[in-house]
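Enquirer: Hey, dropping query_35.pdb in here, PDB, C-alpha atoms:
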ATOM      1  CA  MET A   1     -37.593 -28.997 -27.894
ATOM      2  CA  GLN A   2     -35.965 -32.384 -27.443
ATOM      3  CA  ASN A   3     -33.346 -33.512 -29.948
ATOM      4  CA  GLU A   4     -34.589 -36.848 -31.332
ATOM      5  CA  TYR A   5     -31.177 -37.668 -32.778
ATOM      6  CA  ALA A   6     -29.207 -37.214 -29.534
ATOM      7  CA  PRO A   7     -27.500 -40.396 -28.241
ATOM      8  CA  PRO A   8     -29.240 -42.159 -25.308
ATOM      9  CA  ARG A   9     -27.984 -40.878 -21.970
ATOM     10  CA  VAL A  10     -28.586 -41.579 -18.306
ATOM     11  CA  ASP A  11     -27.574 -38.824 -15.887
ATOM     12  CA  VAL A  12     -28.536 -39.953 -12.417
ATOM     13  CA  ALA A  13     -26.699 -38.155  -9.645
ATOM     14  CA  ASP A  14     -27.191 -40.770  -6.946
ATOM     15  CA  VAL A  15     -25.886 -43.738  -8.929
ATOM     16  CA  ASN A  16     -22.106 -43.737  -8.756
ATOM     17  CA  ASN A  17     -20.076 -46.716  -9.782
ATOM     18  CA  VAL A  18     -17.075 -46.146  -7.536
ATOM     19  CA  SER A  19     -14.361 -48.751  -7.394
ATOM     20  CA  GLY A  20     -11.265 -48.826  -5.218
ATOM     21  CA  ASN A  21     -10.195 -47.897  -1.728
ATOM     22  CA  ILE A  22      -8.784 -44.885   0.034
ATOM     23  CA  SER A  23      -5.198 -45.545  -0.997
ATOM     24  CA  ASP A  24      -1.902 -44.591   0.638
ATOM     25  CA  ALA A  25      -1.283 -42.118  -2.197
ATOM     26  CA  MET A  26      -4.550 -40.306  -1.330
ATOM     27  CA  ILE A  27      -3.670 -40.246   2.360
ATOM     28  CA  GLU A  28      -0.193 -38.879   1.600
ATOM     29  CA  SER A  29      -1.623 -36.163  -0.668
ATOM     30  CA  LEU A  30      -4.072 -35.099   2.036
ATOM     31  CA  ARG A  31      -1.329 -35.247   4.695
ATOM     32  CA  GLY A  32       0.739 -32.909   2.509
ATOM     33  CA  THR A  33      -2.236 -30.583   1.950
ATOM     34  CA  LYS A  34      -3.157 -30.102   5.608
ATOM     35  CA  PRO A  35      -0.337 -27.771   6.823
ATOM     36  CA  TRP A  36      -0.722 -25.475   3.814
ATOM     37  CA  THR A  37      -4.500 -25.149   4.188
ATOM     38  CA  MET A  38      -3.949 -24.431   7.893
ATOM     39  CA  LEU A  39      -1.443 -21.696   7.001
ATOM     40  CA  ILE A  40      -3.791 -20.065   4.483
ATOM     41  CA  ALA A  41      -6.701 -20.346   6.947
ATOM     42  CA  VAL A  42      -4.687 -18.550   9.656
ATOM     43  CA  MET A  43      -3.749 -15.849   7.114
ATOM     44  CA  LEU A  44      -7.413 -15.444   6.167
ATOM     45  CA  PHE A  45      -8.310 -15.027   9.862
ATOM     46  CA  VAL A  46      -5.566 -12.388  10.246
ATOM     47  CA  VAL A  47      -6.868 -10.496   7.188
ATOM     48  CA  ALA A  48     -10.427 -10.750   8.567
ATOM     49  CA  GLY A  49      -9.147  -9.326  11.868
ATOM     50  CA  PHE A  50      -7.455  -6.406  10.102
ATOM     51  CA  MET A  51     -10.650  -5.768   8.117
ATOM     52  CA  LEU A  52     -12.621  -5.702  11.369
ATOM     53  CA  LEU A  53     -10.113  -3.237  12.847
ATOM     54  CA  GLY A  54     -10.496  -1.155   9.678
ATOM     55  CA  THR A  55     -14.274  -1.181  10.153
ATOM     56  CA  PHE A  56     -13.931   0.141  13.717
ATOM     57  CA  GLY A  57     -11.309   2.680  12.564
ATOM     58  CA  VAL A  58     -13.559   4.073   9.841
ATOM     59  CA  ILE A  59     -16.603   4.227  12.149
ATOM     60  CA  ILE A  60     -14.624   5.912  14.953
ATOM     61  CA  GLY A  61     -12.996   8.280  12.416
ATOM     62  CA  GLY A  62     -16.385   9.230  11.003
ATOM     63  CA  LEU A  63     -17.853   9.792  14.467
ATOM     64  CA  ALA A  64     -14.818  11.847  15.557
ATOM     65  CA  MET A  65     -15.026  13.968  12.427
ATOM     66  CA  THR A  66     -18.720  14.597  13.041
ATOM     67  CA  ALA A  67     -18.088  15.440  16.719
ATOM     68  CA  MET A  68     -15.211  17.837  15.937
ATOM     69  CA  GLY A  69     -16.832  19.432  12.904
ATOM     70  CA  GLY A  70     -20.172  20.020  14.604
ATOM     71  CA  GLY A  71     -22.762  20.700  11.933
ATOM     72  CA  ASN A  72     -20.142  21.565   9.293
ATOM     73  CA  VAL A  73     -19.449  17.942   8.198
ATOM     74  CA  PRO A  74     -21.496  17.271   5.045
ATOM     75  CA  THR A  75     -23.944  14.378   5.110
ATOM     76  CA  GLU A  76     -22.249  12.876   2.001
ATOM     77  CA  MET A  77     -18.950  12.565   3.912
ATOM     78  CA  ARG A  78     -20.631  10.690   6.755
ATOM     79  CA  SER A  79     -22.358   8.422   4.209
ATOM     80  CA  VAL A  80     -18.988   7.655   2.556
ATOM     81  CA  PHE A  81     -17.460   6.678   5.924
ATOM     82  CA  LEU A  82     -20.483   4.506   6.701
ATOM     83  CA  ALA A  83     -20.312   2.829   3.259
ATOM     84  CA  ILE A  84     -16.581   2.086   3.655
ATOM     85  CA  GLY A  85     -17.261   0.629   7.117
ATOM     86  CA  VAL A  86     -20.036  -1.609   5.743
ATOM     87  CA  VAL A  87     -17.813  -2.845   2.849
ATOM     88  CA  TYR A  88     -14.949  -3.588   5.283
ATOM     89  CA  SER A  89     -17.255  -5.517   7.610
ATOM     90  CA  ILE A  90     -18.678  -7.566   4.689
ATOM     91  CA  PHE A  91     -15.139  -8.445   3.537
ATOM     92  CA  SER A  92     -14.246  -9.321   7.126
ATOM     93  CA  VAL A  93     -17.135 -11.822   7.311
ATOM     94  CA  ILE A  94     -16.237 -13.330   3.894
ATOM     95  CA  TYR A  95     -12.563 -13.799   4.830
ATOM     96  CA  PHE A  96     -13.590 -15.285   8.162
ATOM     97  CA  LEU A  97     -15.938 -17.795   6.477
ATOM     98  CA  LEU A  98     -13.265 -18.804   3.920
ATOM     99  CA  GLY A  99     -10.778 -19.364   6.765
ATOM    100  CA  PHE A 100     -13.419 -21.248   8.745
ATOM    101  CA  TYR A 101     -14.108 -23.687   5.873
ATOM    102  CA  LEU A 102     -10.373 -24.272   5.387
ATOM    103  CA  ILE A 103      -9.899 -24.954   9.111
ATOM    104  CA  LYS A 104     -12.801 -27.423   9.039
ATOM    105  CA  PHE A 105     -11.259 -29.052   5.934
ATOM    106  CA  SER A 106      -7.932 -29.381   7.745
ATOM    107  CA  THR A 107      -9.489 -30.839  10.902
ATOM    108  CA  ALA A 108     -11.496 -33.348   8.821
ATOM    109  CA  ILE A 109      -8.223 -34.425   7.147
ATOM    110  CA  GLY A 110      -6.739 -34.790  10.622
ATOM    111  CA  ARG A 111      -9.617 -37.092  11.656
ATOM    112  CA  LEU A 112      -9.219 -39.091   8.425
ATOM    113  CA  LEU A 113      -5.501 -39.540   9.114
ATOM    114  CA  ALA A 114      -6.265 -40.617  12.699
ATOM    115  CA  ASN A 115      -9.243 -42.932  12.070
ATOM    116  CA  GLY A 116      -9.086 -43.828   8.375
ATOM    117  CA  GLN A 117     -12.882 -43.550   8.126
ATOM    118  CA  PRO A 118     -14.096 -42.947   4.523
ATOM    119  CA  ALA A 119     -16.867 -40.660   5.850
ATOM    120  CA  GLU A 120     -14.152 -38.213   6.946
ATOM    121  CA  LEU A 121     -12.907 -37.940   3.351
ATOM    122  CA  ALA A 122     -16.426 -36.992   2.200
ATOM    123  CA  SER A 123     -16.668 -34.565   5.141
ATOM    124  CA  ALA A 124     -13.340 -32.912   4.227
ATOM    125  CA  LEU A 125     -14.334 -32.617   0.571
ATOM    126  CA  GLU A 126     -17.707 -31.138   1.590
ATOM    127  CA  GLN A 127     -15.893 -28.323   3.447
ATOM    128  CA  GLN A 128     -13.750 -27.808   0.368
ATOM    129  CA  ARG A 129     -16.869 -27.591  -1.806
ATOM    130  CA  LYS A 130     -18.274 -24.874   0.479
ATOM    131  CA  PHE A 131     -14.954 -22.995   0.317
ATOM    132  CA  TRP A 132     -14.780 -23.026  -3.490
ATOM    133  CA  LYS A 133     -18.465 -22.187  -3.886
ATOM    134  CA  LEU A 134     -18.174 -19.149  -1.594
ATOM    135  CA  ALA A 135     -14.910 -18.047  -3.248
ATOM    136  CA  GLY A 136     -16.502 -18.430  -6.713
ATOM    137  CA  ILE A 137     -19.701 -16.569  -5.819
ATOM    138  CA  MET A 138     -17.736 -13.724  -4.206
ATOM    139  CA  THR A 139     -15.503 -13.503  -7.297
ATOM    140  CA  ILE A 140     -18.578 -13.237  -9.549
ATOM    141  CA  VAL A 141     -20.080 -10.560  -7.260
ATOM    142  CA  GLY A 142     -16.718  -8.708  -7.284
ATOM    143  CA  ILE A 143     -16.497  -8.793 -11.103
ATOM    144  CA  VAL A 144     -20.109  -7.569 -11.462
ATOM    145  CA  LEU A 145     -19.501  -4.719  -8.970
ATOM    146  CA  MET A 146     -16.267  -3.778 -10.795
ATOM    147  CA  VAL A 147     -18.085  -3.610 -14.153
ATOM    148  CA  VAL A 148     -20.886  -1.520 -12.584
ATOM    149  CA  TRP A 149     -18.250   0.790 -11.030
ATOM    150  CA  ILE A 150     -16.469   1.235 -14.396
ATOM    151  CA  VAL A 151     -19.794   2.018 -16.129
ATOM    152  CA  VAL A 152     -20.652   4.563 -13.394
ATOM    153  CA  LEU A 153     -17.212   6.200 -13.715
ATOM    154  CA  LEU A 154     -17.606   6.390 -17.492
ATOM    155  CA  MET A 155     -21.078   7.936 -17.156
ATOM    156  CA  ILE A 156     -20.164  10.619 -14.580
ATOM    157  CA  PRO A 157     -18.416  13.039 -17.035
ATOM    158  CA  GLY A 158     -21.358  12.729 -19.444
ATOM    159  CA  ILE A 159     -23.878  13.431 -16.682
ATOM    160  CA  LEU A 160     -21.845  16.427 -15.453
ATOM    161  CA  LYS A 161     -21.567  17.734 -19.023
ATOM    162  CA  MET A 162     -25.315  17.388 -19.580
ATOM    163  CA  GLY A 163     -25.968  19.157 -16.271
ATOM    164  CA  GLY A 164     -23.649  21.987 -17.362
ATOM    165  CA  LEU A 165     -25.354  22.342 -20.746
ATOM    166  CA  HIS A 166     -28.808  22.583 -19.294
TER     167      HIS A 166
ATOM    168  CA  MET B   1      -7.818 -49.792   3.391
ATOM    169  CA  GLU B   2     -11.403 -48.521   3.479
ATOM    170  CA  PRO B   3     -13.544 -48.447   0.303
ATOM    171  CA  LEU B   4     -14.470 -45.124  -1.289
ATOM    172  CA  SER B   5     -18.041 -44.025  -0.704
ATOM    173  CA  PRO B   6     -20.376 -42.708  -3.473
ATOM    174  CA  ALA B   7     -20.785 -39.550  -1.345
ATOM    175  CA  VAL B   8     -17.240 -38.585  -2.375
ATOM    176  CA  VAL B   9     -18.308 -38.548  -6.036
ATOM    177  CA  THR B  10     -21.368 -36.433  -5.267
ATOM    178  CA  VAL B  11     -19.287 -33.849  -3.379
ATOM    179  CA  LEU B  12     -16.575 -33.769  -6.059
ATOM    180  CA  ARG B  13     -19.238 -33.187  -8.697
ATOM    181  CA  GLY B  14     -20.189 -30.045  -6.743
ATOM    182  CA  ILE B  15     -16.557 -28.886  -6.426
ATOM    183  CA  GLN B  16     -15.545 -29.266 -10.085
ATOM    184  CA  PRO B  17     -17.299 -26.257 -11.741
ATOM    185  CA  TRP B  18     -16.162 -23.800  -9.041
ATOM    186  CA  VAL B  19     -12.562 -25.023  -9.183
ATOM    187  CA  ARG B  20     -12.515 -24.802 -12.996
ATOM    188  CA  PHE B  21     -13.978 -21.279 -12.823
ATOM    189  CA  SER B  22     -11.322 -20.141 -10.306
ATOM    190  CA  GLY B  23      -8.554 -21.734 -12.387
ATOM    191  CA  VAL B  24      -9.636 -19.954 -15.576
ATOM    192  CA  LEU B  25      -9.899 -16.654 -13.678
ATOM    193  CA  LEU B  26      -6.338 -17.102 -12.402
ATOM    194  CA  PHE B  27      -5.120 -17.439 -16.010
ATOM    195  CA  VAL B  28      -7.068 -14.283 -16.961
ATOM    196  CA  SER B  29      -5.522 -12.465 -13.991
ATOM    197  CA  ALA B  30      -2.039 -13.689 -15.014
ATOM    198  CA  LEU B  31      -2.637 -12.372 -18.537
ATOM    199  CA  LEU B  32      -3.664  -8.931 -17.204
ATOM    200  CA  SER B  33      -0.595  -8.845 -14.918
ATOM    201  CA  LEU B  34       1.611  -9.764 -17.896
ATOM    202  CA  LEU B  35       0.093  -6.912 -19.941
ATOM    203  CA  ALA B  36       0.849  -4.504 -17.060
ATOM    204  CA  VAL B  37       4.488  -5.701 -16.947
ATOM    205  CA  ILE B  38       4.853  -5.341 -20.746
ATOM    206  CA  ASP B  39       3.291  -1.871 -20.533
ATOM    207  CA  ALA B  40       5.835  -0.859 -17.859
ATOM    208  CA  LEU B  41       8.756  -2.211 -19.923
ATOM    209  CA  LEU B  42       7.553  -0.273 -22.977
ATOM    210  CA  GLY B  43       7.468   2.937 -20.945
ATOM    211  CA  GLY B  44       3.740   3.015 -20.220
ATOM    212  CA  ASN B  45       2.395   4.473 -17.001
ATOM    213  CA  TYR B  46       0.351   1.627 -15.525
ATOM    214  CA  LEU B  47       3.083   0.516 -13.075
ATOM    215  CA  ASN B  48       5.346   3.500 -13.760
ATOM    216  CA  THR B  49       4.321   6.879 -12.297
ATOM    217  CA  PRO B  50       6.139  10.081 -13.367
ATOM    218  CA  GLN B  51       7.766  10.255  -9.901
ATOM    219  CA  SER B  52       9.074   6.673  -9.818
ATOM    220  CA  THR B  53      12.790   5.998 -10.245
ATOM    221  CA  SER B  54      14.227   3.284 -12.494
ATOM    222  CA  GLU B  55      14.926   1.120  -9.398
ATOM    223  CA  GLU B  56      11.284   1.382  -8.303
ATOM    224  CA  LEU B  57      10.132   0.508 -11.811
ATOM    225  CA  MET B  58      12.406  -2.551 -11.931
ATOM    226  CA  LEU B  59      11.079  -3.650  -8.530
ATOM    227  CA  ALA B  60       7.481  -3.283  -9.760
ATOM    228  CA  VAL B  61       8.343  -5.276 -12.913
ATOM    229  CA  LEU B  62      10.066  -7.976 -10.849
ATOM    230  CA  LEU B  63       7.061  -8.309  -8.526
ATOM    231  CA  GLY B  64       4.779  -8.358 -11.575
ATOM    232  CA  VAL B  65       6.775 -11.216 -13.130
ATOM    233  CA  VAL B  66       6.683 -13.179  -9.832
ATOM    234  CA  ASN B  67       2.922 -12.577  -9.691
ATOM    235  CA  VAL B  68       2.421 -13.850 -13.272
ATOM    236  CA  PHE B  69       4.557 -16.919 -12.516
ATOM    237  CA  PHE B  70       2.591 -17.901  -9.400
ATOM    238  CA  GLU B  71      -0.807 -17.155 -10.959
ATOM    239  CA  CYS B  72       0.033 -19.420 -13.924
ATOM    240  CA  ILE B  73       1.103 -22.242 -11.582
ATOM    241  CA  LEU B  74      -1.992 -21.874  -9.396
ATOM    242  CA  GLY B  75      -4.295 -21.662 -12.437
ATOM    243  CA  TYR B  76      -2.687 -24.753 -13.954
ATOM    244  CA  CYS B  77      -3.067 -26.715 -10.677
ATOM    245  CA  LEU B  78      -6.749 -25.795 -10.367
ATOM    246  CA  VAL B  79      -7.638 -26.540 -13.997
ATOM    247  CA  ALA B  80      -5.743 -29.867 -13.822
ATOM    248  CA  TYR B  81      -7.525 -30.666 -10.519
ATOM    249  CA  ALA B  82     -10.914 -29.970 -12.158
ATOM    250  CA  ILE B  83     -10.045 -32.152 -15.178
ATOM    251  CA  ARG B  84      -8.953 -35.053 -12.937
ATOM    252  CA  ILE B  85     -12.104 -34.714 -10.829
ATOM    253  CA  GLY B  86     -14.023 -34.996 -14.110
ATOM    254  CA  HIS B  87     -12.195 -38.225 -14.987
ATOM    255  CA  PHE B  88     -12.922 -39.689 -11.541
ATOM    256  CA  VAL B  89     -16.587 -38.658 -11.576
ATOM    257  CA  ASN B  90     -17.091 -40.150 -15.051
ATOM    258  CA  ASN B  91     -15.090 -43.376 -14.614
ATOM    259  CA  GLY B  92     -15.115 -43.957 -10.839
ATOM    260  CA  VAL B  93     -11.515 -45.190 -10.883
ATOM    261  CA  ALA B  94      -9.612 -44.518  -7.658
ATOM    262  CA  ALA B  95      -6.360 -43.740  -9.515
ATOM    263  CA  ASP B  96      -8.019 -40.613 -10.988
ATOM    264  CA  LEU B  97      -8.897 -39.430  -7.479
ATOM    265  CA  GLU B  98      -5.259 -40.017  -6.417
ATOM    266  CA  ARG B  99      -4.065 -37.775  -9.248
ATOM    267  CA  ALA B 100      -6.741 -35.168  -8.428
ATOM    268  CA  LEU B 101      -5.792 -35.014  -4.737
ATOM    269  CA  ASN B 102      -2.103 -34.770  -5.651
ATOM    270  CA  MET B 103      -2.853 -31.753  -7.867
ATOM    271  CA  HIS B 104      -4.952 -30.292  -5.040
ATOM    272  CA  ARG B 105      -1.981 -30.659  -2.670
ATOM    273  CA  GLN B 106       0.276 -28.908  -5.187
ATOM    274  CA  PHE B 107      -2.220 -26.050  -5.453
ATOM    275  CA  TRP B 108      -2.277 -25.389  -1.700
ATOM    276  CA  LYS B 109       1.495 -25.797  -1.389
ATOM    277  CA  SER B 110       2.027 -23.250  -4.180
ATOM    278  CA  SER B 111      -0.539 -20.920  -2.553
ATOM    279  CA  GLY B 112       1.294 -21.157   0.766
ATOM    280  CA  ILE B 113       4.690 -20.457  -0.825
ATOM    281  CA  TYR B 114       3.149 -17.546  -2.791
ATOM    282  CA  ALA B 115       1.689 -16.103   0.433
ATOM    283  CA  ILE B 116       5.050 -16.421   2.250
ATOM    284  CA  VAL B 117       6.920 -14.800  -0.693
ATOM    285  CA  PHE B 118       4.330 -11.998  -0.776
ATOM    286  CA  ILE B 119       4.629 -11.304   2.968
ATOM    287  CA  VAL B 120       8.446 -11.394   2.906
ATOM    288  CA  ALA B 121       8.521  -9.036  -0.136
ATOM    289  CA  MET B 122       6.079  -6.681   1.612
ATOM    290  CA  VAL B 123       8.191  -6.596   4.801
ATOM    291  CA  ILE B 124      11.414  -5.999   2.794
ATOM    292  CA  MET B 125       9.763  -3.164   0.847
ATOM    293  CA  MET B 126       8.473  -1.571   4.066
ATOM    294  CA  VAL B 127      11.965  -1.722   5.619
ATOM    295  CA  ILE B 128      13.540  -0.231   2.453
ATOM    296  CA  ALA B 129      10.895   2.528   2.335
ATOM    297  CA  MET B 130      11.505   3.360   6.020
ATOM    298  CA  MET B 131      15.288   3.420   5.477
ATOM    299  CA  LEU B 132      14.941   5.679   2.434
ATOM    300  CA  ALA B 133      12.606   8.028   4.311
ATOM    301  CA  PHE B 134      15.005   8.107   7.287
ATOM    302  CA  ALA B 135      17.993   8.814   4.979
ATOM    303  CA  LYS B 136      16.041  11.607   3.247
ATOM    304  CA  TYR B 137      15.016  13.113   6.612
ATOM    305  CA  SER B 138      18.614  12.906   7.948
ATOM    306  CA  GLY B 139      19.948  14.509   4.738
ATOM    307  CA  ALA B 140      17.423  17.358   4.993
ATOM    308  CA  ASN B 141      18.561  18.158   8.529
TER     309      ASN B 141
END
Taking this structure as input, can you express it in the form of structure tokens?

Expert:
Amino acid sequence: MQNEYAPPRVDVADVNNVSGNISDAMIESLRGTKPWTMLIAVMLFVVAGFMLLGTFGVIIGGLAMTAMGGGNVPTEMRSVFLAIGVVYSIFSVIYFLLGFYLIKFSTAIGRLLANGQPAELASALEQQRKFWKLAGIMTIVGIVLMVVWIVVLLMIPGILKMGGLH
Amino acid sequence: MEPLSPAVVTVLRGIQPWVRFSGVLLFVSALLSLLAVIDALLGGNYLNTPQSTSEELMLAVLLGVVNVFFECILGYCLVAYAIRIGHFVNNGVAADLERALNMHRQFWKSSGIYAIVFIVAMVIMMVIAMMLAFAKYSGAN
């Protein structure tokens, strides 16, 4: 239901009354930002690389265990190795994407510093928007998974107890 | 100097909620880290295992304090960045964008320094752990 007593309001996304130019202070801030975003991007790529190595390590470890154990390796153990490998590979992709957006942000800043075109500022900020959106969504997913994990851990003793009673 | 385009405002409007969310989460994380440090100082067992020595506990507390310090700085930078984006989006004054981008620069600079400190601390701890293990092994033989 609409509030009849609310003050009049216009909220139009495509009408922006922007005044001013891309100032020297903005350029200097972006110039100072670039090396740090590059550094973090490289670190994110390194972490993604380690995660990928971890994925291969877990898969090879699981296969080796199955090969050496013959039919004695329980199916649950193989499933655990597979699950860890899948989680590692997902994290690897996420870290890679975060690094990728930061690199694109840094290169757009570089173009802005070279050409001074205002479109490059919008381009750089667009990469930043993608970075923060992905980081935010992944944080929400992480928090939800953590809560689910805590609930599951709290329920396990109860389930085991009920199983024992029956 | 080139004029600012309205596209900048549209993009910043998309950035603001995610940046504010991350900033608030950093403060929450800092609070949890602080609780862990206080727990360790009061003799709790969150950072302090029964096997750990007093030196190891002090190292864990020190790293915890450094962590709280950096998380507070990073959270402050992000929340301030989000607030200044809000001012720019609402008023369209270029000076607000200058302040926002300056806060953004401070955030990434602090993140970079935090990452370097973290890596250096990790390397130092690995070297100390290797030296202690070597000394223990030499003493046993």

Enquirer: Could you name the residues that touch segment 73-87 of chain A at 6 Å or less, counting all atoms listed in the file, but leaving out those on the same chain fewer than 5 positions away, as a list of chain:residue names?

Expert: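 Those residues are A:Thr55, A:Val58, A:Gly62, A:Thr66.
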
Enquirer: For the structure provided, state which residues fall under the PyMOL selection byres ((chain A) within 10 of (chain B)), and present them as a PDB file with C-alpha atoms, in the coordinates of the input.

Expert:
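result_25.pdb, freshly written:
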ATOM      1  CA  ALA A  13     -26.699 -38.155  -9.645  1.00  0.00           C
ATOM      2  CA  ASP A  14     -27.191 -40.770  -6.946  1.00  0.00           C
ATOM      3  CA  VAL A  15     -25.886 -43.738  -8.929  1.00  0.00           C
ATOM      4  CA  ASN A  16     -22.106 -43.737  -8.756  1.00  0.00           C
ATOM      5  CA  ASN A  17     -20.076 -46.716  -9.782  1.00  0.00           C
ATOM      6  CA  VAL A  18     -17.075 -46.146  -7.536  1.00  0.00           C
ATOM      7  CA  SER A  19     -14.361 -48.751  -7.394  1.00  0.00           C
ATOM      8  CA  GLY A  20     -11.265 -48.826  -5.218  1.00  0.00           C
ATOM      9  CA  ASN A  21     -10.195 -47.897  -1.728  1.00  0.00           C
ATOM     10  CA  ILE A  22      -8.784 -44.885   0.034  1.00  0.00           C
ATOM     11  CA  SER A  23      -5.198 -45.545  -0.997  1.00  0.00           C
ATOM     12  CA  ASP A  24      -1.902 -44.591   0.638  1.00  0.00           C
ATOM     13  CA  ALA A  25      -1.283 -42.118  -2.197  1.00  0.00           C
ATOM     14  CA  MET A  26      -4.550 -40.306  -1.330  1.00  0.00           C
ATOM     15  CA  ILE A  27      -3.670 -40.246   2.360  1.00  0.00           C
ATOM     16  CA  GLU A  28      -0.193 -38.879   1.600  1.00  0.00           C
ATOM     17  CA  SER A  29      -1.623 -36.163  -0.668  1.00  0.00           C
ATOM     18  CA  LEU A  30      -4.072 -35.099   2.036  1.00  0.00           C
ATOM     19  CA  ARG A  31      -1.329 -35.247   4.695  1.00  0.00           C
ATOM     20  CA  GLY A  32       0.739 -32.909   2.509  1.00  0.00           C
ATOM     21  CA  THR A  33      -2.236 -30.583   1.950  1.00  0.00           C
ATOM     22  CA  LYS A  34      -3.157 -30.102   5.608  1.00  0.00           C
ATOM     23  CA  PRO A  35      -0.337 -27.771   6.823  1.00  0.00           C
ATOM     24  CA  TRP A  36      -0.722 -25.475   3.814  1.00  0.00           C
ATOM     25  CA  THR A  37      -4.500 -25.149   4.188  1.00  0.00           C
ATOM     26  CA  MET A  38      -3.949 -24.431   7.893  1.00  0.00           C
ATOM     27  CA  LEU A  39      -1.443 -21.696   7.001  1.00  0.00           C
ATOM     28  CA  ILE A  40      -3.791 -20.065   4.483  1.00  0.00           C
ATOM     29  CA  MET A  43      -3.749 -15.849   7.114  1.00  0.00           C
ATOM     30  CA  GLY A 116      -9.086 -43.828   8.375  1.00  0.00           C
ATOM     31  CA  GLN A 117     -12.882 -43.550   8.126  1.00  0.00           C
ATOM     32  CA  PRO A 118     -14.096 -42.947   4.523  1.00  0.00           C
ATOM     33  CA  ALA A 119     -16.867 -40.660   5.850  1.00  0.00           C
ATOM     34  CA  GLU A 120     -14.152 -38.213   6.946  1.00  0.00           C
ATOM     35  CA  LEU A 121     -12.907 -37.940   3.351  1.00  0.00           C
ATOM     36  CA  ALA A 122     -16.426 -36.992   2.200  1.00  0.00           C
ATOM     37  CA  SER A 123     -16.668 -34.565   5.141  1.00  0.00           C
ATOM     38  CA  ALA A 124     -13.340 -32.912   4.227  1.00  0.00           C
ATOM     39  CA  LEU A 125     -14.334 -32.617   0.571  1.00  0.00           C
ATOM     40  CA  GLU A 126     -17.707 -31.138   1.590  1.00  0.00           C
ATOM     41  CA  GLN A 127     -15.893 -28.323   3.447  1.00  0.00           C
ATOM     42  CA  GLN A 128     -13.750 -27.808   0.368  1.00  0.00           C
ATOM     43  CA  ARG A 129     -16.869 -27.591  -1.806  1.00  0.00           C
ATOM     44  CA  LYS A 130     -18.274 -24.874   0.479  1.00  0.00           C
ATOM     45  CA  PHE A 131     -14.954 -22.995   0.317  1.00  0.00           C
ATOM     46  CA  TRP A 132     -14.780 -23.026  -3.490  1.00  0.00           C
ATOM     47  CA  LYS A 133     -18.465 -22.187  -3.886  1.00  0.00           C
ATOM     48  CA  LEU A 134     -18.174 -19.149  -1.594  1.00  0.00           C
ATOM     49  CA  ALA A 135     -14.910 -18.047  -3.248  1.00  0.00           C
ATOM     50  CA  GLY A 136     -16.502 -18.430  -6.713  1.00  0.00           C
ATOM     51  CA  ILE A 137     -19.701 -16.569  -5.819  1.00  0.00           C
ATOM     52  CA  THR A 139     -15.503 -13.503  -7.297  1.00  0.00           C
ATOM     53  CA  ILE A 140     -18.578 -13.237  -9.549  1.00  0.00           C
TER      54      ILE A 140
END

Enquirer: How many Å separate atom CA of Gly75 of chain B from atom CA of Leu31 of chain B?

Expert: 11.2 Å

Enquirer: Which of these residues is nearest to Val68 of chain B, using all atoms listed in the file: B:Met125, B:Ala36, B:Val120, B:Met130?

Expert: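 Residue with the minimum atom-to-atom distance to Val68 of chain B: B:Ala36.
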
Enquirer: Kindly give the distance, in Å, that separates atom CA of Cys72 of chain B and atom CA of Tyr88 of chain A, rounded to a single decimal.

Expert: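 For atom CA of Cys72 of chain B relative to atom CA of Tyr88 of chain A, the distance reads 29.1 Å.
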
Enquirer: In Å, rounded to a single decimal, give me how far atom CA of Asn115 of chain A is from atom CA of His87 of chain B.

Expert: 27.6 Å

Enquirer: Could you spell out the hits of the PyMOL selection byres ((chain A and resi 95) around 10) on the shown file, as a tab-separated table (two decimals) with C-alpha atoms, in the coordinates of the input?

Expert:
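Contents of part.tsv, freshly written:
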chain	number	residue	atom	x	y	z
A	41	ALA	CA	-6.70	-20.35	6.95
A	43	MET	CA	-3.75	-15.85	7.11
A	44	LEU	CA	-7.41	-15.44	6.17
A	45	PHE	CA	-8.31	-15.03	9.86
A	46	VAL	CA	-5.57	-12.39	10.25
A	47	VAL	CA	-6.87	-10.50	7.19
A	48	ALA	CA	-10.43	-10.75	8.57
A	49	GLY	CA	-9.15	-9.33	11.87
A	51	MET	CA	-10.65	-5.77	8.12
A	89	SER	CA	-17.26	-5.52	7.61
A	90	ILE	CA	-18.68	-7.57	4.69
A	91	PHE	CA	-15.14	-8.44	3.54
A	92	SER	CA	-14.25	-9.32	7.13
A	93	VAL	CA	-17.14	-11.82	7.31
A	94	ILE	CA	-16.24	-13.33	3.89
A	96	PHE	CA	-13.59	-15.28	8.16
A	97	LEU	CA	-15.94	-17.80	6.48
A	98	LEU	CA	-13.26	-18.80	3.92
A	99	GLY	CA	-10.78	-19.36	6.76
A	100	PHE	CA	-13.42	-21.25	8.74
A	135	ALA	CA	-14.91	-18.05	-3.25

Enquirer: How would you write as a VMD selection string the residues that get within 6 Å of (-0.8, -12.6, -17.1) in the file's frame, counting all atoms listed in the file?

Expert: chain B and resid 29 to 34 68

Enquirer: Hey, which of B:Ala82, B:Met58, B:Leu41, B:Val65 ends up closest to Val24 of chain B? Count only C-alpha atoms.

Expert: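 Closest residue, counting only C-alpha atoms: B:Ala82.
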